[in-house]
Amino acid sequence: MPSGVFMRASRFVLILVIVVSFVDVFAASPGADSPAPPILPKQFAEWQIQGAAQASKDAAAADPTNAALLKEYGFTDFEAATYKSDDGRTLKIRAARFTDASGAFGAYAFYLQPEMAREEIGDQGASLNQRVLFYRGHIVVEAVFSQLSVMSAAGLRELAGVLPRPGGNAGNLPPILAFMPHHGYARNTEKYAEGPLALAAIASPLPADLVDFSASPEVVLGEYSTPGGEATLMLIEYPTPALAAEHLRRIDAAHHAAQPQAGVAAIENVGPFFDKRTGPIIAIAAGPLSQSDAQTLLGAVNWTPSVTWNENTYFDKKNNIANLLVNIILLCIIVGATSLAAGVAFGGARILLRRFFPGPVFGRPDQTEFISLQLGEAAPESAARPPATTERSKSS
């Protein structure tokens with residue numbers, strides 16, 4: 001067999017190994033998304049689960065009445081379970097998971113009632129009699145005790161600590177919440193909306209067509225006490241100040257329109273309201289307000305520019321740069337080992353074939369293995385210097 005055949009075969013094997021290695025590396029690194037972990041644990045504090053948790057990806061299983069609203073907030077799945085303590089008390093837990101903390105906060109604020117008492121459970125919590133509502137990260141939990149005890153709140157805090165957490169920026173709350181004033185705020189009245197269904201559910205002073213959710217705004221509102229009575233403060237944050245200025249002109253045009261006009265949305269049953277723009281935020285104060293009270297309330301909303309990183313950092317296992325570097329190192333090791341093995345096999349095969357099959361193919365005597373310049377050999381005496389007789393003849 002000629003040596004060229006072995007050369008081509010070894011190259012083919014090397015290329016095949018490299019391709020297979022690349023396929024294995026990229027199939028292991030950016031593979032399919034792993035399934036989400038279960039929401040509820042089998043045991044926490046003094047509570048043991050009874051049977052198996054009921055899981056569903058249908059928002060109607062969590063709330064048949066407001067299923068569409070939960071989907072707008074980014075609902076992903078739901079679990080419900082019953083727990084029992086050693087003393088015979090029972091605890092029913094319903095947990096809904098959302099794509100990020102913004103959706104979880106919106107759902108939590110939607111179910112929050114003004115008469116609930118504040119509880120230090122999870123990120124935010126509240127209770128009313130035996131019912132406790134809280135959210136942690138991107139999960140909203142409703143717990144109903146058959147009988148309360150002094151350790152009920154501590155048990156739910158332990159539950160909040162073992163709930164799955166979102167990765168990256170999915171655990172951050174909307175920045176617009178930080179611009180809501182604290183002075184005069186009525187407890188448990190803060191609401192958050194990401195779409196028209198939520199906007200209608202939270203009794204917004206403006207209709208959805210004026211807010212224009214096609215421009216990707218975020219809306220938060222709350223009730224405030226003023227000398228003139230209860231007022232509603234609504235903040236609408238748009239991606240850019242230019243979009244906010246354009247939508248403010250639309251709102252003012254609809255507010256001051258004496259007659260309904262074609263192409264201009266009308267504001268009905270809102271009453272007098274005042275508005276202003278600060279950066280990308282539109283602030284609206286509605287209710288029985290005097291101009292001075294409205295200016296005081298709106299004056300507490302001031303946007304200050306800040307640099308934030310809002311892109312997903314992808315610090316999960318699938319997209320971690322460290323995994324990519326490890327896979328590259330493993331690929332280099334595999335390619336190097338394969339190349340070394342192929343070289344040893346090729347050289348060894350040639351030696352064995354020449355030893356066991358000598359002849360015109362593998363043992364030709366006229367075939368030179370290495371080209372040598374023979375620089376270490378001494379030059380012949382005759383070539384080093386001319387003969388003496390020649391020198392004498394020339395001199396004579």
# chains A, B, ... in the order shown; residues from 1 in each chain; ligands from 1
$ residues_around --residues "Lys71 in chain A" --least-positions-apart "5" --cutoff "9 Å" --atoms "only C-alpha atoms" --output "PyMOL selection string"
chain A and resi 59+66+76+98
$ residues_around --residues "Asp123 in chain A" --least-positions-apart "6" --cutoff "8 Å" --atoms "only C-alpha atoms" --output "PyMOL selection string"
chain A and resi 134-137
$ write_last_selection --atoms "all heavy atoms" --output "PDB file, in the first residue's frame"
ATOM      1  N   PHE A 134     -47.826  36.896  49.639  1.00  0.00           N
ATOM      2  CA  PHE A 134     -46.489  37.469  49.494  1.00  0.00           C
ATOM      3  C   PHE A 134     -45.915  37.044  48.150  1.00  0.00           C
ATOM      4  O   PHE A 134     -46.416  36.129  47.481  1.00  0.00           O
ATOM      5  CB  PHE A 134     -45.562  37.040  50.636  1.00  0.00           C
ATOM      6  CG  PHE A 134     -45.141  35.601  50.611  1.00  0.00           C
ATOM      7  CD1 PHE A 134     -43.977  35.199  49.960  1.00  0.00           C
ATOM      8  CD2 PHE A 134     -45.898  34.628  51.243  1.00  0.00           C
ATOM      9  CE1 PHE A 134     -43.580  33.877  49.938  1.00  0.00           C
ATOM     10  CE2 PHE A 134     -45.515  33.303  51.227  1.00  0.00           C
ATOM     11  CZ  PHE A 134     -44.351  32.917  50.578  1.00  0.00           C
ATOM     12  N   TYR A 135     -44.846  37.722  47.744  1.00  0.00           N
ATOM     13  CA  TYR A 135     -44.123  37.331  46.535  1.00  0.00           C
ATOM     14  C   TYR A 135     -42.636  37.333  46.842  1.00  0.00           C
ATOM     15  O   TYR A 135     -42.138  38.101  47.680  1.00  0.00           O
ATOM     16  CB  TYR A 135     -44.449  38.245  45.351  1.00  0.00           C
ATOM     17  CG  TYR A 135     -43.671  39.536  45.307  1.00  0.00           C
ATOM     18  CD1 TYR A 135     -42.490  39.641  44.572  1.00  0.00           C
ATOM     19  CD2 TYR A 135     -44.105  40.665  45.996  1.00  0.00           C
ATOM     20  CE1 TYR A 135     -41.775  40.823  44.529  1.00  0.00           C
ATOM     21  CE2 TYR A 135     -43.399  41.845  45.958  1.00  0.00           C
ATOM     22  CZ  TYR A 135     -42.225  41.925  45.228  1.00  0.00           C
ATOM     23  OH  TYR A 135     -41.515  43.102  45.204  1.00  0.00           O
ATOM     24  N   ARG A 136     -41.953  36.444  46.166  1.00  0.00           N
ATOM     25  CA  ARG A 136     -40.509  36.313  46.308  1.00  0.00           C
ATOM     26  C   ARG A 136     -39.927  36.092  44.929  1.00  0.00           C
ATOM     27  O   ARG A 136     -40.201  35.079  44.276  1.00  0.00           O
ATOM     28  CB  ARG A 136     -40.178  35.137  47.220  1.00  0.00           C
ATOM     29  CG  ARG A 136     -38.704  34.767  47.301  1.00  0.00           C
ATOM     30  CD  ARG A 136     -37.900  35.790  48.056  1.00  0.00           C
ATOM     31  NE  ARG A 136     -36.561  35.306  48.374  1.00  0.00           N
ATOM     32  CZ  ARG A 136     -35.596  36.063  48.848  1.00  0.00           C
ATOM     33  NH1 ARG A 136     -35.814  37.345  49.081  1.00  0.00           N
ATOM     34  NH2 ARG A 136     -34.409  35.564  49.113  1.00  0.00           N
ATOM     35  N   GLY A 137     -39.135  37.049  44.436  1.00  0.00           N
ATOM     36  CA  GLY A 137     -38.584  36.932  43.098  1.00  0.00           C
ATOM     37  C   GLY A 137     -39.690  36.970  42.068  1.00  0.00           C
ATOM     38  O   GLY A 137     -40.421  37.955  41.956  1.00  0.00           O
TER      39      GLY A 137
END
$ residues_around --residues "range 32-48 of chain A" --least-positions-apart "2" --cutoff "6 Å" --atoms "only C-alpha atoms" --output "list in words"
Tyr83, Lys84, Ser85 and Gly155 of chain A
$ atom_distance --atom1 "CA of Ser102 in chain A" --atom2 "CA of Asn172 in chain A"
7.2 Å
$ atom_distance --atom1 "CA of Val132 in chain A" --atom2 "CA of Val144 in chain A"
6.4 Å
$ atom_distance --atom1 "CA of Asp100 in chain A" --atom2 "CA of Asp58 in chain A"
17.4 Å
$ decode --residues "range 45-59 of chain A" --atoms "all heavy atoms" --output "PDB file, in the first residue's frame"
ATOM      1  N   ALA A  45     -40.005  24.024  57.512  1.00  0.00           N
ATOM      2  CA  ALA A  45     -40.334  24.289  58.914  1.00  0.00           C
ATOM      3  C   ALA A  45     -41.024  23.059  59.518  1.00  0.00           C
ATOM      4  O   ALA A  45     -40.499  21.944  59.453  1.00  0.00           O
ATOM      5  CB  ALA A  45     -41.180  25.552  59.032  1.00  0.00           C
ATOM      6  N   GLU A  46     -42.205  23.240  60.092  1.00  0.00           N
ATOM      7  CA  GLU A  46     -42.942  22.133  60.704  1.00  0.00           C
ATOM      8  C   GLU A  46     -43.965  21.513  59.775  1.00  0.00           C
ATOM      9  O   GLU A  46     -44.742  20.649  60.188  1.00  0.00           O
ATOM     10  CB  GLU A  46     -43.665  22.643  61.957  1.00  0.00           C
ATOM     11  CG  GLU A  46     -44.617  23.800  61.655  1.00  0.00           C
ATOM     12  CD  GLU A  46     -45.357  24.298  62.877  1.00  0.00           C
ATOM     13  OE1 GLU A  46     -45.527  23.496  63.815  1.00  0.00           O
ATOM     14  OE2 GLU A  46     -45.754  25.475  62.895  1.00  0.00           O
ATOM     15  N   TRP A  47     -43.976  21.901  58.508  1.00  0.00           N
ATOM     16  CA  TRP A  47     -45.030  21.487  57.586  1.00  0.00           C
ATOM     17  C   TRP A  47     -44.540  20.396  56.642  1.00  0.00           C
ATOM     18  O   TRP A  47     -43.464  20.503  56.049  1.00  0.00           O
ATOM     19  CB  TRP A  47     -45.532  22.693  56.781  1.00  0.00           C
ATOM     20  CG  TRP A  47     -46.063  23.800  57.651  1.00  0.00           C
ATOM     21  CD1 TRP A  47     -45.398  24.913  58.056  1.00  0.00           C
ATOM     22  CD2 TRP A  47     -47.358  23.874  58.230  1.00  0.00           C
ATOM     23  NE1 TRP A  47     -46.201  25.695  58.851  1.00  0.00           N
ATOM     24  CE2 TRP A  47     -47.428  25.074  58.975  1.00  0.00           C
ATOM     25  CE3 TRP A  47     -48.491  23.050  58.192  1.00  0.00           C
ATOM     26  CZ2 TRP A  47     -48.547  25.468  59.665  1.00  0.00           C
ATOM     27  CZ3 TRP A  47     -49.625  23.441  58.884  1.00  0.00           C
ATOM     28  CH2 TRP A  47     -49.645  24.628  59.606  1.00  0.00           C
ATOM     29  N   GLN A  48     -45.375  19.358  56.500  1.00  0.00           N
ATOM     30  CA  GLN A  48     -45.120  18.258  55.583  1.00  0.00           C
ATOM     31  C   GLN A  48     -46.216  18.226  54.517  1.00  0.00           C
ATOM     32  O   GLN A  48     -47.393  18.357  54.845  1.00  0.00           O
ATOM     33  CB  GLN A  48     -45.095  16.914  56.332  1.00  0.00           C
ATOM     34  CG  GLN A  48     -43.991  16.787  57.376  1.00  0.00           C
ATOM     35  CD  GLN A  48     -42.629  16.549  56.753  1.00  0.00           C
ATOM     36  OE1 GLN A  48     -42.539  16.157  55.584  1.00  0.00           O
ATOM     37  NE2 GLN A  48     -41.579  16.782  57.528  1.00  0.00           N
ATOM     38  N   ILE A  49     -45.802  18.025  53.257  1.00  0.00           N
ATOM     39  CA  ILE A  49     -46.772  18.008  52.173  1.00  0.00           C
ATOM     40  C   ILE A  49     -47.633  16.747  52.253  1.00  0.00           C
ATOM     41  O   ILE A  49     -47.163  15.673  52.646  1.00  0.00           O
ATOM     42  CB  ILE A  49     -46.060  18.105  50.807  1.00  0.00           C
ATOM     43  CG1 ILE A  49     -47.050  18.436  49.692  1.00  0.00           C
ATOM     44  CG2 ILE A  49     -45.298  16.835  50.497  1.00  0.00           C
ATOM     45  CD1 ILE A  49     -46.390  18.777  48.376  1.00  0.00           C
ATOM     46  N   GLN A  50     -48.884  16.884  51.925  1.00  0.00           N
ATOM     47  CA  GLN A  50     -49.821  15.775  51.899  1.00  0.00           C
ATOM     48  C   GLN A  50     -50.089  15.384  50.450  1.00  0.00           C
ATOM     49  O   GLN A  50     -50.695  16.147  49.697  1.00  0.00           O
ATOM     50  CB  GLN A  50     -51.135  16.166  52.595  1.00  0.00           C
ATOM     51  CG  GLN A  50     -50.969  16.606  54.041  1.00  0.00           C
ATOM     52  CD  GLN A  50     -50.402  15.506  54.921  1.00  0.00           C
ATOM     53  OE1 GLN A  50     -50.999  14.436  55.062  1.00  0.00           O
ATOM     54  NE2 GLN A  50     -49.250  15.763  55.524  1.00  0.00           N
ATOM     55  N   GLY A  51     -49.609  14.209  50.058  1.00  0.00           N
ATOM     56  CA  GLY A  51     -49.747  13.813  48.667  1.00  0.00           C
ATOM     57  C   GLY A  51     -48.753  14.550  47.782  1.00  0.00           C
ATOM     58  O   GLY A  51     -47.673  14.973  48.215  1.00  0.00           O
ATOM     59  N   ALA A  52     -49.117  14.737  46.550  1.00  0.00           N
ATOM     60  CA  ALA A  52     -48.265  15.432  45.586  1.00  0.00           C
ATOM     61  C   ALA A  52     -48.867  16.792  45.243  1.00  0.00           C
ATOM     62  O   ALA A  52     -50.083  16.984  45.294  1.00  0.00           O
ATOM     63  CB  ALA A  52     -48.100  14.600  44.312  1.00  0.00           C
ATOM     64  N   ALA A  53     -48.008  17.721  44.888  1.00  0.00           N
ATOM     65  CA  ALA A  53     -48.467  19.052  44.497  1.00  0.00           C
ATOM     66  C   ALA A  53     -49.155  18.984  43.138  1.00  0.00           C
ATOM     67  O   ALA A  53     -48.727  18.253  42.247  1.00  0.00           O
ATOM     68  CB  ALA A  53     -47.298  20.027  44.450  1.00  0.00           C
ATOM     69  N   GLN A  54     -50.209  19.752  42.989  1.00  0.00           N
ATOM     70  CA  GLN A  54     -50.936  19.836  41.726  1.00  0.00           C
ATOM     71  C   GLN A  54     -50.301  20.943  40.877  1.00  0.00           C
ATOM     72  O   GLN A  54     -50.317  22.102  41.268  1.00  0.00           O
ATOM     73  CB  GLN A  54     -52.415  20.123  41.969  1.00  0.00           C
ATOM     74  CG  GLN A  54     -53.121  19.054  42.791  1.00  0.00           C
ATOM     75  CD  GLN A  54     -54.564  19.407  43.087  1.00  0.00           C
ATOM     76  OE1 GLN A  54     -55.033  20.482  42.707  1.00  0.00           O
ATOM     77  NE2 GLN A  54     -55.264  18.515  43.765  1.00  0.00           N
ATOM     78  N   ALA A  55     -49.760  20.564  39.752  1.00  0.00           N
ATOM     79  CA  ALA A  55     -49.066  21.517  38.882  1.00  0.00           C
ATOM     80  C   ALA A  55     -49.839  21.696  37.589  1.00  0.00           C
ATOM     81  O   ALA A  55     -50.481  20.764  37.095  1.00  0.00           O
ATOM     82  CB  ALA A  55     -47.650  21.044  38.591  1.00  0.00           C
ATOM     83  N   SER A  56     -49.765  22.917  37.042  1.00  0.00           N
ATOM     84  CA  SER A  56     -50.451  23.228  35.795  1.00  0.00           C
ATOM     85  C   SER A  56     -49.767  24.422  35.141  1.00  0.00           C
ATOM     86  O   SER A  56     -49.240  25.304  35.828  1.00  0.00           O
ATOM     87  CB  SER A  56     -51.929  23.536  36.038  1.00  0.00           C
ATOM     88  OG  SER A  56     -52.571  23.928  34.838  1.00  0.00           O
ATOM     89  N   LYS A  57     -49.787  24.424  33.816  1.00  0.00           N
ATOM     90  CA  LYS A  57     -49.290  25.563  33.044  1.00  0.00           C
ATOM     91  C   LYS A  57     -50.429  26.424  32.515  1.00  0.00           C
ATOM     92  O   LYS A  57     -50.194  27.339  31.734  1.00  0.00           O
ATOM     93  CB  LYS A  57     -48.423  25.080  31.881  1.00  0.00           C
ATOM     94  CG  LYS A  57     -47.144  24.379  32.318  1.00  0.00           C
ATOM     95  CD  LYS A  57     -46.283  24.016  31.132  1.00  0.00           C
ATOM     96  CE  LYS A  57     -44.992  23.326  31.566  1.00  0.00           C
ATOM     97  NZ  LYS A  57     -44.132  24.220  32.376  1.00  0.00           N
ATOM     98  N   ASP A  58     -51.636  26.128  32.937  1.00  0.00           N
ATOM     99  CA  ASP A  58     -52.819  26.867  32.513  1.00  0.00           C
ATOM    100  C   ASP A  58     -53.123  27.942  33.548  1.00  0.00           C
ATOM    101  O   ASP A  58     -53.288  27.647  34.742  1.00  0.00           O
ATOM    102  CB  ASP A  58     -54.008  25.921  32.356  1.00  0.00           C
ATOM    103  CG  ASP A  58     -55.233  26.618  31.775  1.00  0.00           C
ATOM    104  OD1 ASP A  58     -55.113  27.800  31.376  1.00  0.00           O
ATOM    105  OD2 ASP A  58     -56.298  25.979  31.716  1.00  0.00           O
ATOM    106  N   ALA A  59     -53.204  29.191  33.102  1.00  0.00           N
ATOM    107  CA  ALA A  59     -53.498  30.280  34.035  1.00  0.00           C
ATOM    108  C   ALA A  59     -54.882  30.146  34.646  1.00  0.00           C
ATOM    109  O   ALA A  59     -55.120  30.644  35.751  1.00  0.00           O
ATOM    110  CB  ALA A  59     -53.363  31.627  33.320  1.00  0.00           C
TER     111      ALA A  59
END
